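Engineer: For reference, the structure I am asking about is given below.
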Amino acid sequence: MASILVVDDERSMREMLDVYLRRQGHEVVFAGSLAEGLSGLRGRSFDLVLTDLRLGRDSGLSVLADARARTPAPEVIMMTAFSTIETAVQAMKAGAYDYVQKPFNLDELKLIIDRALERRRLVVENGRLRAELGRPSSLVGKSPAMAQLVRTIDKVASVRANVLITGESGVGKEVVAREVHARGPRDEAPFLAVNCAAIPEGLIESELFGHVRGAFTGASASREGLLATAGEGTLFLDEIAELPKDIQVKLLRVIEERKARPVGSSQSFDVGARLIAATNRDLTVEVAAGRFREDLYYRLDVIHLHIPPLRERREDVLPLAEHFLAALAAIEGGRPHSLSRAAAERLFAYDFPGNVRELRNVIERAAALAEGEALGPDILPPVAARPGARSSSLPEAGIDLDAELQRIERVFLQQALERSAGSRTAAAKLLGMSFRSFRYRLAKLGLPEGKVENGEPPEE
């Protein structure tokens, strides 16, 4: 849910937007004049402002200027029944996110609002983390896989070649895409992201390439697409496997010619943006099945960055958890929570099928419910609180049996130590193995050694 200020002197428009925006789950405040709009802005913080360009004898550009002067500034969408190209350019140069011409199509308005709110969320989040955590990189982890990924990003960030990022859902493909952009020479240029699966098939061509007025029903004004808006920056195409086949053809032409043509136009424009695509599917399988063009796949897969799932880089679990705790503390104020040893061990043992996204949700929930500074295992979600909880069925894609056996071994070693209050001798008996074998397995898996007791066999 977002907080939205609507400034419009037309009562019927305010009433219509009231019904529509509240149905979308937003909190809406209304103003019927410039004075009311400015008063509303000064009274509270908003995520988005929808303002009419003409407010009686006043101009909505005054609302825009006041809104953009706020910190953090809300995104602003202009509404007008008197739109001209000059007016649109003036509003965009003054900082408006976009504009819509009355009467507007509600589906088109929703798309613009969703994009504006996503931009607002990312700007606020990135600003807080950079300012309060002082951490220039968003990549967290100490695993060999993450270290190699960072080295590769450093090598390719300054190259203009297209990038394909692969990995399971939730591993952080957009985070990696943003890091590629941030480490390159065009970091000050726009970074725009679009989820190819989230846009209706009938709108995605206009979303990418733009359209001219009258190109289709509801196209009441010309609009730039993301390829043009990105300028010399980066366009991130998430879920690229979901792109319709006819749009795949047009995207291939853009890559080959570095030109694009808006829907309904006979004129092309130059494309300077770098393309970064991402998918959680195997595109070679999609190509073999005829669902994805082979030529487009090769043009996108110039530089390939693969992000392993979190279960294959467990060394990153605790650094990521601590990073999320620090980020929450920076946003909300106060000292960050810490992880108790038992909570850390259980997080380390859990597979996280939802990857980094699931870990972040687990940490946010635990921090919200915590009564003290240290987070214990009792406040973890039920699934994460059961070490090793996982279906015993064989996944369709197969499994790394050695890694799975190591995971199970780690879980039982940890549980044996917990039941024996850290006594290695007692834990070894619980598992029916010798003390030396138990100690060897702890060392092999990098687990805490437990308590050293009198009467144990000497270290070798």
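By order of appearance in the structure tokens: chains A, B, ..., then residues from 1 within every chain, and ligands from 1 in the order shown.
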As a short mmCIF file (atom, residue, chain, number, x, y, z; two decimals) with N, CA and C atoms, in the first residue's frame, please: every residue in region 61-260 of chain A that DSSP puts in strand (DSSP E or B).

Structural biologist:
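Output saved as selection37.cif:
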data_model
loop_
_atom_site.label_atom_id
_atom_site.label_comp_id
_atom_site.auth_asym_id
_atom_site.auth_seq_id
_atom_site.Cartn_x
_atom_site.Cartn_y
_atom_site.Cartn_z
N GLU A 75 7.32 10.67 -6.01
CA GLU A 75 7.21 10.73 -7.47
C GLU A 75 5.95 11.52 -7.81
N VAL A 76 5.96 12.21 -8.94
CA VAL A 76 4.84 13.06 -9.34
C VAL A 76 4.39 12.70 -10.74
N ILE A 77 3.09 12.48 -10.89
CA ILE A 77 2.48 12.24 -12.20
C ILE A 77 1.53 13.39 -12.48
N MET A 78 1.69 14.03 -13.62
CA MET A 78 0.84 15.16 -14.01
C MET A 78 -0.38 14.66 -14.76
N MET A 79 -1.53 15.27 -14.51
CA MET A 79 -2.76 14.98 -15.24
C MET A 79 -3.21 16.25 -15.94
N THR A 80 -3.62 16.13 -17.18
CA THR A 80 -4.05 17.33 -17.88
C THR A 80 -4.99 17.01 -19.03
N ASP A 98 6.00 11.19 -14.97
CA ASP A 98 5.29 10.97 -16.23
C ASP A 98 4.04 11.86 -16.23
N TYR A 99 3.27 11.80 -17.31
CA TYR A 99 2.01 12.55 -17.37
C TYR A 99 0.96 11.72 -18.09
N VAL A 100 -0.31 11.99 -17.77
CA VAL A 100 -1.42 11.33 -18.45
C VAL A 100 -2.39 12.40 -18.92
N GLN A 101 -2.98 12.15 -20.06
CA GLN A 101 -3.94 13.12 -20.61
C GLN A 101 -5.36 12.64 -20.35
N VAL A 163 24.39 -8.53 -21.01
CA VAL A 163 24.63 -9.45 -19.90
C VAL A 163 23.38 -10.29 -19.67
N LEU A 164 23.58 -11.59 -19.45
CA LEU A 164 22.49 -12.48 -19.07
C LEU A 164 22.77 -13.01 -17.67
N ILE A 165 21.84 -12.78 -16.74
CA ILE A 165 21.98 -13.23 -15.36
C ILE A 165 20.99 -14.37 -15.13
N THR A 166 21.50 -15.49 -14.64
CA THR A 166 20.64 -16.64 -14.39
C THR A 166 20.72 -17.05 -12.93
N PHE A 191 18.97 3.67 -14.42
CA PHE A 191 18.83 2.21 -14.39
C PHE A 191 17.34 1.94 -14.33
N LEU A 192 16.80 1.34 -15.37
CA LEU A 192 15.36 1.05 -15.43
C LEU A 192 15.15 -0.46 -15.46
N ALA A 193 14.19 -0.92 -14.68
CA ALA A 193 13.89 -2.35 -14.60
C ALA A 193 12.46 -2.62 -15.03
N VAL A 194 12.27 -3.69 -15.77
CA VAL A 194 10.93 -4.08 -16.18
C VAL A 194 10.82 -5.60 -16.05
N ASN A 195 9.73 -6.05 -15.45
CA ASN A 195 9.45 -7.48 -15.33
C ASN A 195 8.60 -7.89 -16.52
N GLY A 210 7.71 2.51 -26.73
CA GLY A 210 6.94 3.74 -26.77
C GLY A 210 5.88 3.70 -27.86
N HIS A 211 5.08 4.75 -27.94
CA HIS A 211 4.06 4.81 -28.98
C HIS A 211 3.76 6.26 -29.30
N ARG A 223 4.13 8.70 -26.11
CA ARG A 223 4.86 8.37 -24.88
C ARG A 223 6.17 7.67 -25.21
N GLU A 224 7.20 8.05 -24.49
CA GLU A 224 8.49 7.38 -24.63
C GLU A 224 8.43 5.99 -24.01
N THR A 234 21.06 1.83 -18.32
CA THR A 234 20.86 0.38 -18.38
C THR A 234 19.37 0.06 -18.34
N LEU A 235 18.96 -0.87 -19.20
CA LEU A 235 17.60 -1.40 -19.14
C LEU A 235 17.69 -2.85 -18.70
N PHE A 236 17.08 -3.16 -17.55
CA PHE A 236 17.11 -4.51 -17.00
C PHE A 236 15.80 -5.21 -17.35
N LEU A 237 15.90 -6.30 -18.10
CA LEU A 237 14.74 -7.07 -18.55
C LEU A 237 14.65 -8.34 -17.71
N ASP A 238 13.87 -8.28 -16.64
CA ASP A 238 13.72 -9.45 -15.77
C ASP A 238 12.70 -10.41 -16.37
N LYS A 259 18.70 0.60 -32.91
CA LYS A 259 17.61 1.52 -33.20
C LYS A 259 16.29 0.86 -32.83
N ALA A 260 15.30 1.68 -32.48
CA ALA A 260 13.97 1.18 -32.15
C ALA A 260 12.93 2.11 -32.72
#

Engineer: Can you check which residues of region 291-433 of chain A DSSP gives as helix (DSSP H, G or I) on the backbone and send them as a tab-separated table (two decimals) with C-alpha atoms, in the first residue's frame?

Structural biologist:
chain	number	residue	atom	x	y	z
A	294	GLU	CA	17.99	-18.99	-30.49
A	295	ASP	CA	19.45	-15.90	-32.19
A	296	LEU	CA	18.15	-13.62	-29.43
A	297	TYR	CA	19.53	-15.97	-26.77
A	298	TYR	CA	23.04	-15.73	-28.21
A	299	ARG	CA	22.82	-11.94	-28.53
A	300	LEU	CA	21.79	-11.61	-24.89
A	310	LEU	CA	21.74	-19.88	-1.17
A	311	ARG	CA	21.85	-23.55	-0.14
A	312	GLU	CA	25.02	-23.93	-2.24
A	314	ARG	CA	25.86	-21.32	3.07
A	315	GLU	CA	28.82	-19.15	4.06
A	316	ASP	CA	26.72	-16.20	2.87
A	317	VAL	CA	23.70	-16.90	5.11
A	318	LEU	CA	24.98	-15.25	8.29
A	319	PRO	CA	26.64	-12.23	6.59
A	320	LEU	CA	23.39	-11.62	4.72
A	321	ALA	CA	21.33	-11.98	7.89
A	322	GLU	CA	23.57	-9.48	9.70
A	323	HIS	CA	23.37	-7.12	6.71
A	324	PHE	CA	19.57	-7.21	6.78
A	325	LEU	CA	19.54	-6.60	10.54
A	326	ALA	CA	21.85	-3.59	10.10
A	327	ALA	CA	19.69	-2.26	7.27
A	328	LEU	CA	16.53	-2.56	9.39
A	329	ALA	CA	18.21	-0.75	12.27
A	330	ALA	CA	19.35	2.03	9.93
A	331	ILE	CA	15.82	2.51	8.59
A	332	GLU	CA	13.99	2.30	11.91
A	341	ARG	CA	24.19	-18.95	18.49
A	342	ALA	CA	21.23	-21.32	18.30
A	343	ALA	CA	19.40	-19.07	15.81
A	344	ALA	CA	22.55	-18.70	13.69
A	345	GLU	CA	23.09	-22.46	13.59
A	346	ARG	CA	19.50	-23.10	12.55
A	347	LEU	CA	19.63	-20.47	9.85
A	348	PHE	CA	22.88	-22.01	8.64
A	349	ALA	CA	21.29	-25.48	8.51
A	355	ASN	CA	16.83	-18.07	-1.38
A	356	VAL	CA	17.91	-14.56	-0.30
A	357	ARG	CA	14.37	-13.21	-0.56
A	358	GLU	CA	13.16	-15.81	1.96
A	359	LEU	CA	16.10	-15.10	4.28
A	360	ARG	CA	15.28	-11.42	4.25
A	361	ASN	CA	11.64	-12.13	5.10
A	362	VAL	CA	12.72	-14.44	7.95
A	363	ILE	CA	15.00	-11.77	9.40
A	364	GLU	CA	12.40	-8.99	9.10
A	365	ARG	CA	9.79	-11.14	10.83
A	366	ALA	CA	12.19	-12.15	13.60
A	367	ALA	CA	13.26	-8.54	14.20
A	368	ALA	CA	9.63	-7.38	14.33
A	369	LEU	CA	8.72	-9.99	16.96
A	377	PRO	CA	15.44	-19.76	17.32
A	378	ASP	CA	12.00	-19.66	18.93
A	379	ILE	CA	10.93	-16.61	16.89
A	401	LEU	CA	23.55	-36.17	-3.59
A	402	ASP	CA	26.90	-35.46	-1.94
A	403	ALA	CA	25.79	-31.95	-0.98
A	404	GLU	CA	22.48	-33.29	0.33
A	405	LEU	CA	24.20	-35.93	2.45
A	406	GLN	CA	26.52	-33.27	3.86
A	407	ARG	CA	23.50	-31.13	4.71
A	408	ILE	CA	21.83	-33.99	6.59
A	409	GLU	CA	25.08	-34.84	8.36
A	410	ARG	CA	25.49	-31.21	9.46
A	411	VAL	CA	21.94	-31.09	10.84
A	412	PHE	CA	22.33	-34.24	12.97
A	413	LEU	CA	25.74	-33.18	14.26
A	414	GLN	CA	24.27	-29.85	15.36
A	415	GLN	CA	21.25	-31.47	16.98
A	416	ALA	CA	23.46	-33.96	18.85
A	417	LEU	CA	25.54	-31.09	20.25
A	418	GLU	CA	22.40	-29.20	21.28
A	419	ARG	CA	20.91	-32.22	23.10
A	424	ARG	CA	31.32	-33.77	22.20
A	425	THR	CA	31.63	-37.09	24.01
A	426	ALA	CA	27.90	-37.31	24.70
A	427	ALA	CA	27.03	-36.11	21.20
A	428	ALA	CA	29.22	-38.78	19.62
A	429	LYS	CA	27.39	-41.46	21.66
A	430	LEU	CA	24.02	-40.15	20.49

Engineer: Within 9 Å of Glu373 (chain A), counting only C-alpha atoms, which residues qualify if same-chain residues fewer than 5 places away don't, as an mmCIF file with C-alpha atoms, in the first residue's frame?

Structural biologist:
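Result file around.cif:
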data_model
loop_
_atom_site.group_PDB
_atom_site.id
_atom_site.type_symbol
_atom_site.label_atom_id
_atom_site.label_comp_id
_atom_site.auth_asym_id
_atom_site.auth_seq_id
_atom_site.Cartn_x
_atom_site.Cartn_y
_atom_site.Cartn_z
ATOM 1 C CA ARG A 335 20.889 -0.643 17.482
ATOM 2 C CA PRO A 336 20.661 -3.712 15.248
ATOM 3 C CA HIS A 337 19.515 -7.015 16.709
ATOM 4 C CA SER A 338 22.029 -9.814 17.012
ATOM 5 C CA LEU A 339 21.618 -13.522 16.308
ATOM 6 C CA ALA A 367 13.262 -8.539 14.198
#

Engineer: Measuring atom to atom with only C-alpha atoms, identify which of A:Arg57, A:Gly231, A:Ile112, A:Leu50 is nearest to Ala189 (chain A).

Structural biologist: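 With only C-alpha atoms as the atom set, the closest residue is A:Gly231.
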
Engineer: Neighbouring residues of Leu227 (chain A) were defined as those with any atom within 8 Å, considering only C-alpha atoms; residues of the same chain fewer than 2 positions away were excluded. Please report them as a PDB file with C-alpha atoms, in the first residue's frame.

Structural biologist:
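Saved as result-v3.pdb:
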ATOM      1  CA  LEU A 208       9.574  -1.001 -24.295  1.00  0.00           C
ATOM      2  CA  PHE A 209       9.466   0.993 -27.527  1.00  0.00           C
ATOM      3  CA  GLY A 225       9.294   3.723 -24.031  1.00  0.00           C
ATOM      4  CA  THR A 229      13.987   6.753 -21.256  1.00  0.00           C
ATOM      5  CA  ALA A 230      17.049   4.704 -20.253  1.00  0.00           C
ATOM      6  CA  GLY A 231      19.181   6.906 -22.484  1.00  0.00           C
ATOM      7  CA  LEU A 235      17.596  -1.398 -19.141  1.00  0.00           C
ATOM      8  CA  ALA A 260      13.969   1.175 -32.145  1.00  0.00           C
ATOM      9  CA  VAL A 271      19.226   3.162 -28.618  1.00  0.00           C
ATOM     10  CA  ALA A 273      21.150   1.749 -23.342  1.00  0.00           C
TER      11      ALA A 273
END

Engineer: Which residues are near Gly25 (chain A)? Cut-off 12 Å, only C-alpha atoms, ignore same chain within fewer than 5 positions. Put them as a PyMOL selection string.

Structural biologist: chain A and resi 1-4+18-20

Engineer: Keeping only N, CA and C atoms, write the selected residues as a PDB file, in the first residue's frame.

Structural biologist:
ATOM      1  N   MET A   1       0.846  -1.197   0.000  1.00  0.00           N
ATOM      2  CA  MET A   1       0.000   0.000   0.000  1.00  0.00           C
ATOM      3  C   MET A   1       0.877   1.241   0.000  1.00  0.00           C
ATOM      4  N   ALA A   2       0.501   2.225  -0.803  1.00  0.00           N
ATOM      5  CA  ALA A   2       1.255   3.475  -0.884  1.00  0.00           C
ATOM      6  C   ALA A   2       0.369   4.633  -0.445  1.00  0.00           C
ATOM      7  N   SER A   3       0.998   5.714   0.011  1.00  0.00           N
ATOM      8  CA  SER A   3       0.265   6.931   0.357  1.00  0.00           C
ATOM      9  C   SER A   3       0.326   7.884  -0.837  1.00  0.00           C
ATOM     10  N   ILE A   4      -0.839   8.304  -1.314  1.00  0.00           N
ATOM     11  CA  ILE A   4      -0.937   9.093  -2.541  1.00  0.00           C
ATOM     12  C   ILE A   4      -1.718  10.379  -2.270  1.00  0.00           C
ATOM     13  N   ASP A  18     -10.752   8.401  -6.124  1.00  0.00           N
ATOM     14  CA  ASP A  18     -10.924   7.907  -4.757  1.00  0.00           C
ATOM     15  C   ASP A  18     -11.327   6.434  -4.788  1.00  0.00           C
ATOM     16  N   VAL A  19     -12.348   6.130  -5.574  1.00  0.00           N
ATOM     17  CA  VAL A  19     -12.832   4.751  -5.671  1.00  0.00           C
ATOM     18  C   VAL A  19     -11.753   3.852  -6.267  1.00  0.00           C
ATOM     19  N   TYR A  20     -11.146   4.310  -7.365  1.00  0.00           N
ATOM     20  CA  TYR A  20     -10.198   3.458  -8.089  1.00  0.00           C
ATOM     21  C   TYR A  20      -8.946   3.177  -7.266  1.00  0.00           C
TER      22      TYR A  20
END

Engineer: Separation of CA of Ala65 (chain A) and CA of Asp52 (chain A), in Å?

Structural biologist: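 Result for CA of Ala65 (chain A) versus CA of Asp52 (chain A): 13.4 Å, one decimal.
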
Engineer: Between CA of Ile276 (chain A) and CA of Val302 (chain A), what is the spacing in Å?

Structural biologist: 10.1 Å

Engineer: Would you pick out the contacts of Lys250 (chain A) at 10 Å or less, using only C-alpha atoms, so that residues sharing its chain but fewer than 2 positions from it are not included, and give the list as a list of chain:residue names?

Structural biologist: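 So the residues in contact are A:Glu205, A:Phe209, A:Lys245, A:Asp246, A:Ile247, A:Gln248, A:Leu252, A:Arg253, A:Val254, A:Ile255, A:Glu256, A:Ala260, A:Arg261, A:Leu296.
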
Engineer: Create the file for the chosen residues now, containing C-alpha atoms and written as a short mmCIF file (atom, residue, chain, number, x, y, z; two decimals), in the first residue's frame.

Structural biologist:
data_model
loop_
_atom_site.label_atom_id
_atom_site.label_comp_id
_atom_site.auth_asym_id
_atom_site.auth_seq_id
_atom_site.Cartn_x
_atom_site.Cartn_y
_atom_site.Cartn_z
CA GLU A 205 5.58 -3.39 -26.94
CA PHE A 209 9.47 0.99 -27.53
CA LYS A 245 7.77 -14.27 -29.56
CA ASP A 246 6.82 -11.26 -31.70
CA ILE A 247 8.50 -8.90 -29.21
CA GLN A 248 11.57 -11.15 -29.18
CA LEU A 252 16.65 -8.74 -31.58
CA ARG A 253 16.44 -6.04 -34.23
CA VAL A 254 17.10 -3.38 -31.59
CA ILE A 255 20.24 -5.22 -30.46
CA GLU A 256 21.52 -5.63 -34.00
CA ALA A 260 13.97 1.18 -32.15
CA ARG A 261 10.67 2.38 -33.55
CA LEU A 296 18.15 -13.62 -29.43
#

Engineer: Please determine, counting only C-alpha atoms, which residue among A:Phe435, A:Gly141, A:Pro244, A:Arg183 has the shortest atom-to-atom distance to Lys155 (chain A).

Structural biologist: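 Looking at the shortest contact to Lys155 (chain A), the residue is A:Arg183.
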
Engineer: Enter the distance from CA of Leu226 (chain A) to CA of Glu207 (chain A), in Å, rounded to one decimal.

Structural biologist: 6.2 Å
